[in-house]
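Okay, input_16.txt is below, compact mmCIF, C-alpha atoms:
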# COMPACT_ATOMS: atom_id res chain seq x y z
CA MET A 1 -9.11 32.87 1.08
CA SER A 2 -8.33 29.19 1.59
CA ASP A 3 -5.14 27.56 2.77
CA LYS A 4 -3.18 25.48 0.27
CA GLY A 5 -1.89 23.25 3.02
CA ASP A 6 1.53 22.95 4.67
CA GLY A 7 3.56 23.46 1.51
CA ASN A 8 2.17 20.33 -0.11
CA ASP A 9 0.77 22.20 -3.12
CA ASP A 10 1.59 19.40 -5.56
CA LYS A 11 -0.22 16.82 -3.42
CA VAL A 12 -3.27 19.08 -3.23
CA ARG A 13 -3.27 19.70 -6.99
CA ASN A 14 -2.98 15.97 -7.66
CA ARG A 15 -5.76 15.10 -5.20
CA CYS A 16 -8.62 13.39 -7.02
CA VAL A 17 -11.95 14.66 -5.67
CA VAL A 18 -15.43 13.31 -6.38
CA TYR A 19 -18.37 15.68 -5.87
CA VAL A 20 -21.73 13.94 -5.62
CA TYR A 21 -24.36 15.96 -7.46
CA SER A 22 -27.37 15.88 -9.71
CA PRO A 23 -30.11 18.49 -10.22
CA GLU A 24 -32.68 15.96 -9.00
CA TYR A 25 -30.71 15.29 -5.83
CA ILE A 26 -30.37 18.99 -5.00
CA GLN A 27 -34.08 19.57 -5.67
CA THR A 28 -34.99 16.73 -3.30
CA CYS A 29 -32.70 18.08 -0.56
CA ASP A 30 -34.10 21.60 -0.98
CA SER A 31 -37.43 20.28 0.29
CA LEU A 32 -36.17 19.73 3.86
CA SER A 33 -38.23 22.24 5.86
CA LYS A 34 -35.49 23.06 8.37
CA VAL A 35 -33.05 24.21 5.65
CA PRO A 36 -35.18 25.12 2.61
CA ASN A 37 -33.18 25.62 -0.58
CA ARG A 38 -29.89 25.26 1.33
CA ALA A 39 -28.63 22.53 -0.99
CA SER A 40 -29.19 24.79 -4.01
CA MET A 41 -27.47 27.73 -2.33
CA VAL A 42 -24.40 25.63 -1.53
CA HIS A 43 -24.13 24.09 -4.99
CA SER A 44 -24.79 27.39 -6.77
CA LEU A 45 -22.01 29.15 -4.86
CA ILE A 46 -19.53 26.33 -5.52
CA GLU A 47 -20.50 26.50 -9.19
CA ALA A 48 -20.24 30.30 -9.23
CA TYR A 49 -16.63 30.05 -8.04
CA ASP A 50 -15.98 27.70 -10.98
CA LEU A 51 -14.82 24.86 -8.70
CA LEU A 52 -16.67 22.05 -10.49
CA LYS A 53 -13.98 21.85 -13.18
CA PHE A 54 -11.46 20.69 -10.55
CA MET A 55 -13.66 17.78 -9.41
CA ARG A 56 -15.26 14.71 -10.94
CA VAL A 57 -19.02 15.24 -10.65
CA VAL A 58 -20.82 11.94 -9.96
CA LYS A 59 -24.56 11.41 -10.06
CA PRO A 60 -25.82 9.76 -6.85
CA HIS A 61 -28.04 6.71 -6.79
CA VAL A 62 -31.12 6.51 -4.57
CA ALA A 63 -30.66 4.09 -1.67
CA THR A 64 -32.87 1.03 -1.52
CA ILE A 65 -34.63 -0.06 1.66
CA GLU A 66 -32.13 -2.94 1.82
CA GLU A 67 -29.18 -0.53 1.69
CA MET A 68 -30.62 1.64 4.46
CA ALA A 69 -31.48 -1.48 6.51
CA VAL A 70 -27.78 -2.18 6.90
CA PHE A 71 -28.18 0.19 9.86
CA HIS A 72 -31.87 1.14 10.25
CA THR A 73 -34.56 -1.31 11.35
CA ASP A 74 -37.08 -2.65 8.86
CA SER A 75 -39.97 -1.46 11.03
CA TYR A 76 -38.69 2.15 11.03
CA LEU A 77 -38.03 2.22 7.29
CA GLN A 78 -41.39 0.63 6.47
CA HIS A 79 -43.23 3.15 8.67
CA LEU A 80 -41.30 6.06 7.12
CA HIS A 81 -42.24 4.76 3.66
CA LYS A 82 -45.91 4.35 4.60
CA ILE A 83 -46.44 7.83 6.06
CA SER A 84 -44.31 9.48 3.39
CA GLN A 85 -46.69 8.53 0.62
CA ASP A 86 -49.47 10.79 1.88
CA GLY A 87 -47.76 13.02 4.47
CA ASP A 88 -49.84 11.43 7.23
CA ASN A 89 -49.22 13.44 10.42
CA ASP A 90 -51.85 11.61 12.46
CA ASP A 91 -50.48 8.06 12.51
CA PRO A 92 -50.28 7.18 16.23
CA GLN A 93 -47.18 5.02 15.64
CA SER A 94 -45.13 7.96 14.38
CA VAL A 95 -44.21 9.22 17.83
CA ASP A 96 -42.60 5.84 18.59
CA PHE A 97 -40.32 6.38 15.61
CA GLY A 98 -39.29 9.93 16.59
CA LEU A 99 -41.49 11.54 13.95
CA GLY A 100 -43.15 14.84 14.71
CA TYR A 101 -41.77 17.96 16.47
CA ASP A 102 -38.24 18.44 15.02
CA CYS A 103 -38.69 15.61 12.48
CA PRO A 104 -42.04 16.52 10.91
CA VAL A 105 -43.88 14.16 8.62
CA VAL A 106 -44.15 15.59 5.12
CA GLU A 107 -45.07 14.00 1.84
CA GLY A 108 -42.02 12.51 0.16
CA ILE A 109 -39.85 12.35 3.30
CA PHE A 110 -38.89 8.74 2.56
CA ASP A 111 -37.65 9.77 -0.90
CA TYR A 112 -35.54 12.49 0.74
CA ALA A 113 -34.02 9.99 3.19
CA ALA A 114 -33.28 7.53 0.40
CA ALA A 115 -31.70 10.29 -1.72
CA VAL A 116 -29.36 11.43 1.08
CA GLY A 117 -28.46 7.88 2.05
CA GLY A 118 -27.80 6.95 -1.56
CA ALA A 119 -25.62 10.00 -2.17
CA THR A 120 -23.34 9.17 0.76
CA LEU A 121 -23.20 5.52 -0.33
CA THR A 122 -22.28 6.69 -3.85
CA ALA A 123 -19.45 8.81 -2.41
CA ALA A 124 -18.21 5.91 -0.27
CA GLN A 125 -18.33 3.49 -3.21
CA ASN A 126 -16.14 5.82 -5.28
CA LEU A 127 -13.56 5.72 -2.49
CA LEU A 128 -13.80 1.92 -2.29
CA ASP A 129 -13.29 1.64 -6.04
CA GLY A 130 -10.17 3.81 -5.89
CA LYS A 131 -11.76 6.41 -8.16
CA CYS A 132 -10.87 9.29 -5.85
CA ASP A 133 -8.94 10.30 -2.74
CA VAL A 134 -11.72 12.50 -1.34
CA ALA A 135 -15.49 12.26 -1.91
CA ILE A 136 -17.93 15.05 -0.97
CA ASN A 137 -21.65 15.03 -0.17
CA TRP A 138 -22.39 18.44 1.33
CA ALA A 139 -26.12 17.65 1.50
CA GLY A 140 -25.38 14.65 3.74
CA GLY A 141 -24.12 14.41 7.31
CA TRP A 142 -27.46 13.78 9.07
CA HIS A 143 -25.86 12.17 12.10
CA HIS A 144 -28.64 12.17 14.75
CA ALA A 145 -30.93 9.51 13.26
CA LYS A 146 -30.96 6.29 15.30
CA LYS A 147 -31.50 2.73 14.15
CA ASP A 148 -35.22 2.86 14.78
CA GLU A 149 -36.12 6.54 15.00
CA ALA A 150 -35.67 9.94 13.45
CA SER A 151 -33.98 12.57 15.61
CA GLY A 152 -32.72 16.15 15.36
CA PHE A 153 -33.96 16.90 11.81
CA CYS A 154 -32.35 13.60 10.67
CA TYR A 155 -34.43 10.83 9.09
CA VAL A 156 -31.58 8.60 7.90
CA ASN A 157 -28.09 8.38 9.37
CA ASP A 158 -26.12 8.60 6.16
CA ALA A 159 -22.89 9.08 8.14
CA VAL A 160 -23.28 5.58 9.61
CA LEU A 161 -24.24 4.16 6.20
CA GLY A 162 -21.05 5.67 4.74
CA ILE A 163 -18.91 4.23 7.55
CA LEU A 164 -20.43 0.76 7.15
CA LYS A 165 -19.87 0.88 3.37
CA LEU A 166 -16.19 1.81 3.85
CA ARG A 167 -15.82 -1.02 6.37
CA GLU A 168 -16.42 -3.48 3.53
CA LYS A 169 -12.78 -2.77 2.66
CA TYR A 170 -11.24 -0.86 5.57
CA GLU A 171 -11.33 -2.34 9.06
CA ARG A 172 -10.43 0.87 10.87
CA VAL A 173 -12.65 3.77 9.78
CA LEU A 174 -12.33 6.96 11.83
CA TYR A 175 -15.40 9.19 12.16
CA VAL A 176 -14.58 12.84 12.88
CA ASP A 177 -17.51 15.14 13.73
CA VAL A 178 -17.00 18.91 14.05
CA ASP A 179 -20.71 19.83 14.00
CA LEU A 180 -21.91 21.98 16.91
CA HIS A 181 -23.74 18.88 18.17
CA HIS A 182 -21.97 15.59 17.55
CA GLY A 183 -23.87 12.41 16.65
CA ASP A 184 -26.16 12.29 19.67
CA GLY A 185 -26.13 15.87 20.88
CA THR A 186 -24.65 15.00 24.28
CA GLY A 187 -21.31 13.65 25.34
CA ASP A 188 -18.97 14.06 28.24
CA VAL A 189 -15.24 13.44 28.17
CA THR A 190 -15.97 10.26 30.17
CA ASP A 191 -18.20 8.83 27.41
CA THR A 192 -15.72 6.50 25.74
CA GLY A 193 -17.94 3.93 24.04
CA LEU A 194 -19.72 0.74 25.08
CA GLY A 195 -19.13 -2.98 24.63
CA LYS A 196 -16.79 -3.72 21.74
CA GLY A 197 -16.60 0.02 21.17
CA ARG A 198 -15.17 0.72 24.63
CA TRP A 199 -12.37 3.33 24.43
CA HIS A 200 -13.15 3.97 20.74
CA ALA A 201 -15.23 7.13 21.27
CA VAL A 202 -13.66 10.49 22.06
CA ASN A 203 -15.78 13.45 23.16
CA VAL A 204 -14.32 16.95 23.50
CA PRO A 205 -16.93 19.04 25.38
CA LEU A 206 -16.59 22.77 24.71
CA GLU A 207 -18.32 25.82 26.11
CA ASP A 208 -19.92 28.65 24.13
CA GLY A 209 -17.95 31.23 22.19
CA ILE A 210 -14.92 29.22 21.09
CA ARG A 211 -12.97 30.78 18.20
CA ASP A 212 -10.79 29.43 15.42
CA ASP A 213 -7.35 29.51 17.02
CA ARG A 214 -8.25 27.74 20.23
CA TYR A 215 -10.50 25.24 18.47
CA CYS A 216 -7.76 24.32 15.96
CA GLN A 217 -5.23 23.94 18.75
CA ILE A 218 -7.50 21.51 20.61
CA PHE A 219 -8.45 19.69 17.41
CA THR A 220 -4.90 19.01 16.26
CA SER A 221 -3.78 18.04 19.77
CA VAL A 222 -6.59 15.47 20.11
CA MET A 223 -6.50 14.16 16.53
CA GLN A 224 -2.74 13.62 16.67
CA GLU A 225 -3.31 11.27 19.61
CA VAL A 226 -6.31 9.62 17.95
CA LYS A 227 -4.29 8.83 14.82
CA THR A 228 -1.43 7.41 16.87
CA TYR A 229 -3.59 5.06 18.90
CA PHE A 230 -6.33 4.16 16.41
CA ASN A 231 -4.25 4.15 13.21
CA PRO A 232 -7.20 4.63 10.81
CA GLU A 233 -7.28 3.33 7.25
CA ALA A 234 -10.06 5.68 6.10
CA VAL A 235 -11.88 8.74 7.44
CA VAL A 236 -15.46 9.99 7.41
CA MET A 237 -15.62 13.66 8.46
CA GLN A 238 -18.85 15.52 9.21
CA LEU A 239 -18.43 19.29 8.79
CA GLY A 240 -21.64 20.81 10.14
CA ALA A 241 -21.58 24.59 9.73
CA ASP A 242 -23.67 25.45 12.79
CA THR A 243 -20.35 26.26 14.51
CA MET A 244 -20.09 29.40 12.39
CA ALA A 245 -20.42 32.89 13.88
CA GLY A 246 -23.89 34.17 13.06
CA ASP A 247 -25.61 30.77 13.15
CA PRO A 248 -29.04 30.84 14.87
CA MET A 249 -27.76 28.20 17.30
CA CYS A 250 -25.75 31.09 18.84
CA SER A 251 -23.04 28.99 20.44
CA PHE A 252 -19.61 28.73 18.81
CA ASN A 253 -17.84 31.67 17.15
CA MET A 254 -15.96 29.97 14.34
CA THR A 255 -15.16 30.91 10.73
CA PRO A 256 -14.37 28.78 7.66
CA VAL A 257 -10.69 29.57 8.15
CA GLY A 258 -10.56 27.62 11.42
CA VAL A 259 -12.62 24.69 10.17
CA GLY A 260 -10.51 24.68 7.00
CA LYS A 261 -7.35 24.26 9.06
CA CYS A 262 -8.91 21.29 10.88
CA LEU A 263 -9.94 19.77 7.55
CA ASN A 264 -6.46 20.32 6.10
CA TYR A 265 -4.96 18.53 9.09
CA ILE A 266 -7.08 15.44 8.34
CA LEU A 267 -6.43 15.61 4.59
CA GLY A 268 -2.72 15.72 5.35
CA TRP A 269 -2.97 12.09 6.47
CA GLU A 270 -3.63 11.16 2.82
CA LEU A 271 -6.23 8.52 3.68
CA PRO A 272 -9.43 7.82 1.70
CA THR A 273 -11.72 10.53 3.06
CA LEU A 274 -15.50 10.96 2.86
CA LEU A 275 -16.69 14.50 3.62
CA LEU A 276 -20.25 15.30 4.67
CA GLY A 277 -22.22 18.42 5.56
CA GLY A 278 -24.64 18.50 8.51
CA GLY A 279 -26.01 21.36 10.59
CA GLY A 280 -25.93 24.97 9.47
CA TYR A 281 -29.02 27.16 9.85
CA ASN A 282 -27.73 30.51 8.64
CA LEU A 283 -28.07 29.39 5.04
CA ALA A 284 -25.78 31.99 3.47
CA ASN A 285 -23.01 31.34 6.00
CA THR A 286 -23.36 27.59 5.52
CA ALA A 287 -22.91 28.05 1.76
CA ARG A 288 -19.93 30.32 2.45
CA CYS A 289 -18.39 27.73 4.76
CA TRP A 290 -18.74 24.69 2.51
CA THR A 291 -17.64 26.64 -0.55
CA CYS A 292 -14.51 27.78 1.32
CA LEU A 293 -13.88 24.18 2.41
CA THR A 294 -14.27 23.00 -1.19
CA GLY A 295 -11.61 25.55 -2.13
CA THR A 296 -9.40 24.25 0.68
CA ILE A 297 -9.76 20.65 -0.54
CA LEU A 298 -8.84 21.70 -4.08
CA GLY A 299 -6.05 24.10 -3.12
CA GLN A 300 -7.87 26.99 -4.78
CA THR A 301 -7.76 30.55 -3.47
CA LEU A 302 -11.21 32.11 -3.70
CA SER A 303 -12.02 35.77 -4.28
CA SER A 304 -13.56 37.62 -1.35
CA GLU A 305 -16.21 39.05 -3.64
CA ILE A 306 -19.20 36.74 -4.04
CA PRO A 307 -19.66 36.14 -7.80
CA ASP A 308 -22.95 37.05 -9.40
CA HIS A 309 -25.27 34.02 -9.42
CA GLU A 310 -28.84 32.95 -8.67
CA TYR A 311 -28.63 33.52 -4.90
CA PHE A 312 -26.36 36.59 -4.97
CA THR A 313 -28.80 38.79 -3.01
CA GLU A 314 -28.70 36.36 -0.04
CA TYR A 315 -25.12 37.48 0.73
CA GLY A 316 -25.83 41.14 1.47
CA PRO A 317 -25.06 43.64 2.76
CA ASP A 318 -21.32 43.00 2.23
CA TYR A 319 -21.46 40.31 -0.50
CA SER A 320 -18.22 38.92 0.88
CA LEU A 321 -17.14 35.29 1.23
CA GLU A 322 -15.58 35.86 4.67
CA ILE A 323 -17.43 35.31 7.94
CA SER A 324 -16.37 37.59 10.79
CA PRO A 325 -16.46 36.41 14.43
CA SER A 326 -18.96 38.16 16.66
CA CYS A 327 -18.14 39.80 19.99
CA ARG A 328 -19.52 36.80 21.91
CA PRO A 329 -17.20 35.98 24.84
CA ASP A 330 -15.27 32.71 24.85
CA ARG A 331 -16.51 30.78 27.90
CA ASN A 332 -13.77 28.12 27.65
CA GLU A 333 -11.16 28.26 30.40
CA SER A 334 -7.65 27.16 29.53
CA GLN A 335 -7.21 25.02 32.63
CA GLN A 336 -10.46 23.14 32.01
CA LEU A 337 -9.49 22.48 28.37
CA GLU A 338 -6.10 21.21 29.47
CA ARG A 339 -7.82 18.80 31.88
CA VAL A 340 -10.12 17.57 29.08
CA ILE A 341 -7.20 16.94 26.71
CA SER A 342 -5.21 15.22 29.44
CA THR A 343 -8.15 12.92 30.23
CA ILE A 344 -8.61 12.10 26.54
CA LYS A 345 -4.94 11.24 26.13
CA GLY A 346 -5.17 8.92 29.13
CA ASN A 347 -8.29 7.23 27.77
CA LEU A 348 -6.74 6.66 24.34
CA LYS A 349 -3.96 4.56 25.84
CA ASN A 350 -6.62 1.85 26.30
CA VAL A 351 -7.32 1.57 22.54
CA VAL A 352 -6.24 -1.76 21.07
How would this structure read if it were set down as structure tokens?
Amino acid sequence: MSDKGDGNDDKVRNRCVVYVYSPEYIQTCDSLSKVPNRASMVHSLIEAYDLLKFMRVVKPHVATIEEMAVFHTDSYLQHLHKISQDGDNDDPQSVDFGLGYDCPVVEGIFDYAAAVGGATLTAAQNLLDGKCDVAINWAGGWHHAKKDEASGFCYVNDAVLGILKLREKYERVLYVDVDLHHGDGTGDVTDTGLGKGRWHAVNVPLEDGIRDDRYCQIFTSVMQEVKTYFNPEAVVMQLGADTMAGDPMCSFNMTPVGVGKCLNYILGWELPTLLLGGGGYNLANTARCWTCLTGTILGQTLSSEIPDHEYFTEYGPDYSLEISPSCRPDRNESQQLERVISTIKGNLKNVV
């Protein structure tokens, strides 16, 4: 099912992978109302395919307020802590901090944020300590949260926390985001970063219906240029699965095969790499996707037949690991994509 990567089987087999997990962490992540029990479904499927024996399983720590305040403001974190203790939905200040609507206030939400933040920091620390080549936190990747407000189902931006942790050792950390919505949900090809970050942001706007082959072609073309001009020392990659065919977001038409090829391309650079989850609202397909990607990372070919396990009935009616593209039309025009890539290549020449 999964690629073993450009003939580098020995490198893949020798790749040291840390998988951040504890039963308590998964239970905490299961409580997120937008994706209930998703963390358990993902872990259970990875376990059912017997992939844990190829990885070093590391228990995450819970982030402190001080650790989260490396990015988030004290006022936001203190408010999140206050309302979390009793699930107070009526605090008039909450709206100022982005809480409500798609970031509902529920009891224990601060503990959830601290758990996710701590898990990504644990993964990053293992990379810093040279204990692994790749570190995985599939329950992380909540990339919409801002310094002082929750946004887009995200209460803590663990992706930023992971980047900042890696920057304690690596000056040039590349963040690669293949979620349906990147970090702020908008982004034109002309958005290239502000201030000191000018020319250090690359947006690749795509229309609905894109499939694996075209996506991979664009991805490798852009990332080849990014690597040349930015020359990263470490990578954080967010692999939101809301790009999958069958996701309720109903936009892209991807499968784990295409995303796996993109991931393999990045892993081929042999840099310290932190891998995070993110979006993914068809829960069974998200578990399929991240299990396939785990197989890709480990160079393991996975059986098409879903093994019997706790969530087996969620994978009906075919009980197959594969995800098939739908008949949704691809709205991306070749000429427009060529213009986007050409513009990006021109912009990257300004990176210093």
Residues around (-15.4, 35.8, 9.7), cut-off 12 Å, counting all atoms listed in the file - what are they as a PyMOL selection string? chain A and resi 1+211-212+243-247+253-259+285+288-289+292+304+318+320-327
Show me, as a list in words, the residues that have an atom within 6 Å of Tyr76 (chain A) when counting only C-alpha atoms, minus same-chain residues fewer than 3 positions from it.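 These residues fall inside the cut-off: Thr73, His79 and Asp148 of chain A.
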Which residues are near Leu45 (chain A)? Cut-off 8 Å, only C-alpha atoms, ignore same chain within fewer than 4 positions. Put them as a PyMOL selection string. chain A and resi 41+49+287-288+291+307+309+311
Counting only C-alpha atoms, which of A:Leu127, A:Tyr21, A:Thr186, A:Gly195 gets nearest to Ser44 (chain A)? A:Tyr21
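Counting all atoms listed in the file, Pro248 (chain A) has the following residues at most 8 Å away, ignoring those fewer than 3 positions along the same chain: A:Asp242, A:Tyr281, A:Asn282.
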Quick one: region 112-123 of chain A with all heavy atoms, as a compact mmCIF listing (two decimals), in the first residue's frame?
# COMPACT_ATOMS: atom_id res chain seq x y z
N TYR A 112 -6.79 20.15 27.53
CA TYR A 112 -6.61 19.65 26.16
C TYR A 112 -5.52 20.43 25.44
O TYR A 112 -4.62 19.84 24.83
CB TYR A 112 -7.94 19.74 25.39
CG TYR A 112 -7.76 19.63 23.91
CD1 TYR A 112 -7.50 18.40 23.31
CD2 TYR A 112 -7.78 20.77 23.09
CE1 TYR A 112 -7.30 18.30 21.94
CE2 TYR A 112 -7.58 20.67 21.74
CZ TYR A 112 -7.34 19.44 21.16
OH TYR A 112 -7.12 19.34 19.81
N ALA A 113 -5.60 21.76 25.51
CA ALA A 113 -4.59 22.59 24.84
C ALA A 113 -3.20 22.29 25.36
O ALA A 113 -2.23 22.16 24.59
CB ALA A 113 -4.93 24.07 25.03
N ALA A 114 -3.07 22.16 26.67
CA ALA A 114 -1.77 21.89 27.27
C ALA A 114 -1.26 20.51 26.89
O ALA A 114 -0.04 20.31 26.70
CB ALA A 114 -1.87 22.02 28.79
N ALA A 115 -2.16 19.55 26.74
CA ALA A 115 -1.76 18.19 26.34
C ALA A 115 -1.23 18.18 24.92
O ALA A 115 -0.17 17.60 24.63
CB ALA A 115 -2.95 17.24 26.48
N VAL A 116 -1.95 18.85 24.00
CA VAL A 116 -1.50 18.89 22.59
C VAL A 116 -0.18 19.65 22.47
O VAL A 116 0.74 19.20 21.78
CB VAL A 116 -2.60 19.55 21.72
CG1 VAL A 116 -2.07 19.85 20.33
CG2 VAL A 116 -3.81 18.63 21.62
N GLY A 117 -0.12 20.81 23.13
CA GLY A 117 1.12 21.59 23.08
C GLY A 117 2.30 20.81 23.63
O GLY A 117 3.39 20.79 23.05
N GLY A 118 2.08 20.13 24.75
CA GLY A 118 3.14 19.35 25.37
C GLY A 118 3.59 18.18 24.52
O GLY A 118 4.78 17.84 24.48
N ALA A 119 2.65 17.56 23.83
CA ALA A 119 3.00 16.41 22.98
C ALA A 119 3.89 16.84 21.82
O ALA A 119 4.88 16.16 21.48
CB ALA A 119 1.73 15.74 22.45
N THR A 120 3.57 17.97 21.20
CA THR A 120 4.41 18.46 20.10
C THR A 120 5.77 18.91 20.62
O THR A 120 6.80 18.67 19.98
CB THR A 120 3.69 19.60 19.34
OG1 THR A 120 2.54 19.03 18.68
CG2 THR A 120 4.58 20.25 18.31
N LEU A 121 5.80 19.53 21.80
CA LEU A 121 7.08 19.92 22.39
C LEU A 121 7.92 18.69 22.74
O LEU A 121 9.15 18.68 22.59
CB LEU A 121 6.85 20.77 23.64
CG LEU A 121 6.34 22.19 23.38
CD1 LEU A 121 5.93 22.85 24.70
CD2 LEU A 121 7.40 23.03 22.67
N THR A 122 7.26 17.62 23.19
CA THR A 122 7.97 16.36 23.49
C THR A 122 8.60 15.80 22.21
O THR A 122 9.75 15.37 22.21
CB THR A 122 6.98 15.33 24.09
OG1 THR A 122 6.46 15.85 25.31
CG2 THR A 122 7.68 14.01 24.35
N ALA A 123 7.82 15.81 21.13
CA ALA A 123 8.34 15.33 19.84
C ALA A 123 9.54 16.16 19.39
O ALA A 123 10.57 15.61 18.98
CB ALA A 123 7.22 15.38 18.79
